[in-house]
Amino acid sequence: MAQSHSRAVRFAHAFSLEGVEGTFPSGTYVVEETTEPVEGLTFVGYRRTKTTIELPWSGSSNFSRQLVEIDPAALETALARDALAIAQNAQQAPSTP
């Protein structure tokens, strides 16, 4: 039986995802991962079968949303780019005496 797990991811900067058209604003987004049990193992194991993210519907108000299936690696790459941008901005910020 398939299981779904939701988590929130936060982008501090506008971002894009490989395989998804458009650039999306900074903010918190809901990601849902669906897994199913792997048959024939001597232990309990699951494999991810689908990853989706809830994104703003392009060309519409902030209240319209779309659920888009994404590659989990593309999400991790986008989060890593965002973290790098945060670190670079912190290094460039002037220190206060």
# chains A, B, ... in the order shown; residues from 1 in each chain; ligands from 1
$ residues_around --residues "region 31-39 of chain A" --least-positions-apart "5" --cutoff "7 Å" --atoms "only C-alpha atoms" --output "list in words"
Met1, Ala2, Gln3, Ser4, His5, Ser6, Arg7, Ala8, Gly45, Tyr46, Arg47, Arg48, Thr49, Lys50, Thr51, Thr52, Ile53 and Glu54 of chain A
$ select_by_dssp --residues "chain A" --states "alpha helix (DSSP H)" --output "list in words"
Pro72, Ala73, Ala74, Leu75, Glu76, Thr77, Ala78, Leu79, Ala80, Arg81, Asp82, Ala83, Leu84, Ala85, Ile86, Ala87, Gln88, Asn89, Ala90, Gln91 and Gln92 of chain A
$ residues_around --residues "Ser16 (chain A)" --least-positions-apart "3" --cutoff "10 Å" --atoms "only C-alpha atoms" --output "list in words"
His13, Gly19, Val20, Glu21, Gly22, Thr23, Phe24, Pro25, Ala74, Leu75, Thr77, Ala78, Leu79 and Arg81 of chain A
$ write_last_selection --atoms "C-alpha atoms" --output "PDB file, in the first residue's frame"
ATOM      1  CA  HIS A  13      15.199  33.487  -3.238  1.00  0.00           C
ATOM      2  CA  GLY A  19      11.907  20.115 -16.038  1.00  0.00           C
ATOM      3  CA  VAL A  20       9.394  22.750 -14.861  1.00  0.00           C
ATOM      4  CA  GLU A  21       8.780  25.883 -16.885  1.00  0.00           C
ATOM      5  CA  GLY A  22       9.062  29.197 -15.098  1.00  0.00           C
ATOM      6  CA  THR A  23      10.639  30.900 -12.122  1.00  0.00           C
ATOM      7  CA  PHE A  24       8.841  30.859  -8.795  1.00  0.00           C
ATOM      8  CA  PRO A  25       8.934  33.400  -5.948  1.00  0.00           C
ATOM      9  CA  ALA A  74      15.993  18.697  -9.239  1.00  0.00           C
ATOM     10  CA  LEU A  75      14.441  19.811  -5.946  1.00  0.00           C
ATOM     11  CA  THR A  77      19.660  20.989  -6.631  1.00  0.00           C
ATOM     12  CA  ALA A  78      17.360  24.020  -6.349  1.00  0.00           C
ATOM     13  CA  LEU A  79      17.560  23.938  -2.537  1.00  0.00           C
ATOM     14  CA  ARG A  81      21.502  26.717  -5.089  1.00  0.00           C
TER      15      ARG A  81
END
$ residues_around --residues "Thr28 (chain A)" --least-positions-apart "3" --cutoff "8 Å" --atoms "only C-alpha atoms" --output "list of chain:residue names"
A:Ala8, A:Val9, A:Arg10, A:Phe11
$ write_last_selection --atoms "N, CA and C atoms" --output "PDB file, in the first residue's frame"
ATOM      1  N   ALA A   8       7.495  20.685   4.259  1.00  0.00           N
ATOM      2  CA  ALA A   8       7.591  22.056   3.763  1.00  0.00           C
ATOM      3  C   ALA A   8       9.054  22.353   3.439  1.00  0.00           C
ATOM      4  N   VAL A   9       9.274  22.990   2.310  1.00  0.00           N
ATOM      5  CA  VAL A   9      10.611  23.458   1.950  1.00  0.00           C
ATOM      6  C   VAL A   9      10.548  24.965   1.784  1.00  0.00           C
ATOM      7  N   ARG A  10      11.611  25.634   2.153  1.00  0.00           N
ATOM      8  CA  ARG A  10      11.642  27.102   2.134  1.00  0.00           C
ATOM      9  C   ARG A  10      12.732  27.571   1.188  1.00  0.00           C
ATOM     10  N   PHE A  11      12.344  28.455   0.280  1.00  0.00           N
ATOM     11  CA  PHE A  11      13.291  29.106  -0.620  1.00  0.00           C
ATOM     12  C   PHE A  11      13.382  30.568  -0.219  1.00  0.00           C
TER      13      PHE A  11
END
$ atom_distance --atom1 "CA of Arg65 (chain A)" --atom2 "CA of Glu18 (chain A)"
18.8 Å
$ select_by_dssp --residues "chain A" --states "strand (DSSP E)" --output "NGL selection string"
:A and (3-11 or 27-37 or 46-56 or 65-69)
$ write_last_selection --atoms "C-alpha atoms" --output "short mmCIF file (atom, residue, chain, number, x, y, z; two decimals), in the first residue's frame"
data_model
loop_
_atom_site.label_atom_id
_atom_site.label_comp_id
_atom_site.auth_asym_id
_atom_site.auth_seq_id
_atom_site.Cartn_x
_atom_site.Cartn_y
_atom_site.Cartn_z
CA GLN A 3 2.15 6.00 1.65
CA SER A 4 2.39 9.77 1.27
CA HIS A 5 4.56 12.09 3.33
CA SER A 6 4.39 15.89 3.14
CA ARG A 7 7.07 18.35 4.13
CA ALA A 8 7.59 22.06 3.76
CA VAL A 9 10.61 23.46 1.95
CA ARG A 10 11.64 27.10 2.13
CA PHE A 11 13.29 29.11 -0.62
CA GLY A 27 8.52 31.27 0.04
CA THR A 28 7.49 28.02 1.66
CA TYR A 29 6.27 25.21 -0.56
CA VAL A 30 4.63 21.87 0.21
CA VAL A 31 6.38 18.80 -1.20
CA GLU A 32 4.67 15.42 -1.11
CA GLU A 33 6.55 12.16 -1.58
CA THR A 34 4.71 8.92 -2.32
CA THR A 35 6.38 5.62 -1.47
CA GLU A 36 5.40 2.00 -1.81
CA PRO A 37 6.75 -1.13 -0.13
CA TYR A 46 10.13 1.46 0.57
CA ARG A 47 10.87 3.13 -2.73
CA ARG A 48 9.82 6.59 -3.74
CA THR A 49 7.37 6.45 -6.64
CA LYS A 50 6.41 10.11 -7.01
CA THR A 51 7.44 13.55 -5.75
CA THR A 52 5.19 16.58 -6.25
CA ILE A 53 5.40 20.24 -5.29
CA GLU A 54 2.57 22.75 -5.00
CA LEU A 55 3.45 25.80 -7.12
CA PRO A 56 1.64 29.02 -8.02
CA ARG A 65 -2.04 26.59 -7.29
CA GLN A 66 -0.87 23.65 -9.37
CA LEU A 67 0.51 20.30 -8.25
CA VAL A 68 3.55 19.43 -10.36
CA GLU A 69 5.42 16.13 -10.43
#
$ atom_distance --atom1 "CA of Glu76 (chain A)" --atom2 "CA of Gln92 (chain A)"
24.4 Å
$ atom_distance --atom1 "CA of Ser26 (chain A)" --atom2 "CA of Pro94 (chain A)"
23.3 Å
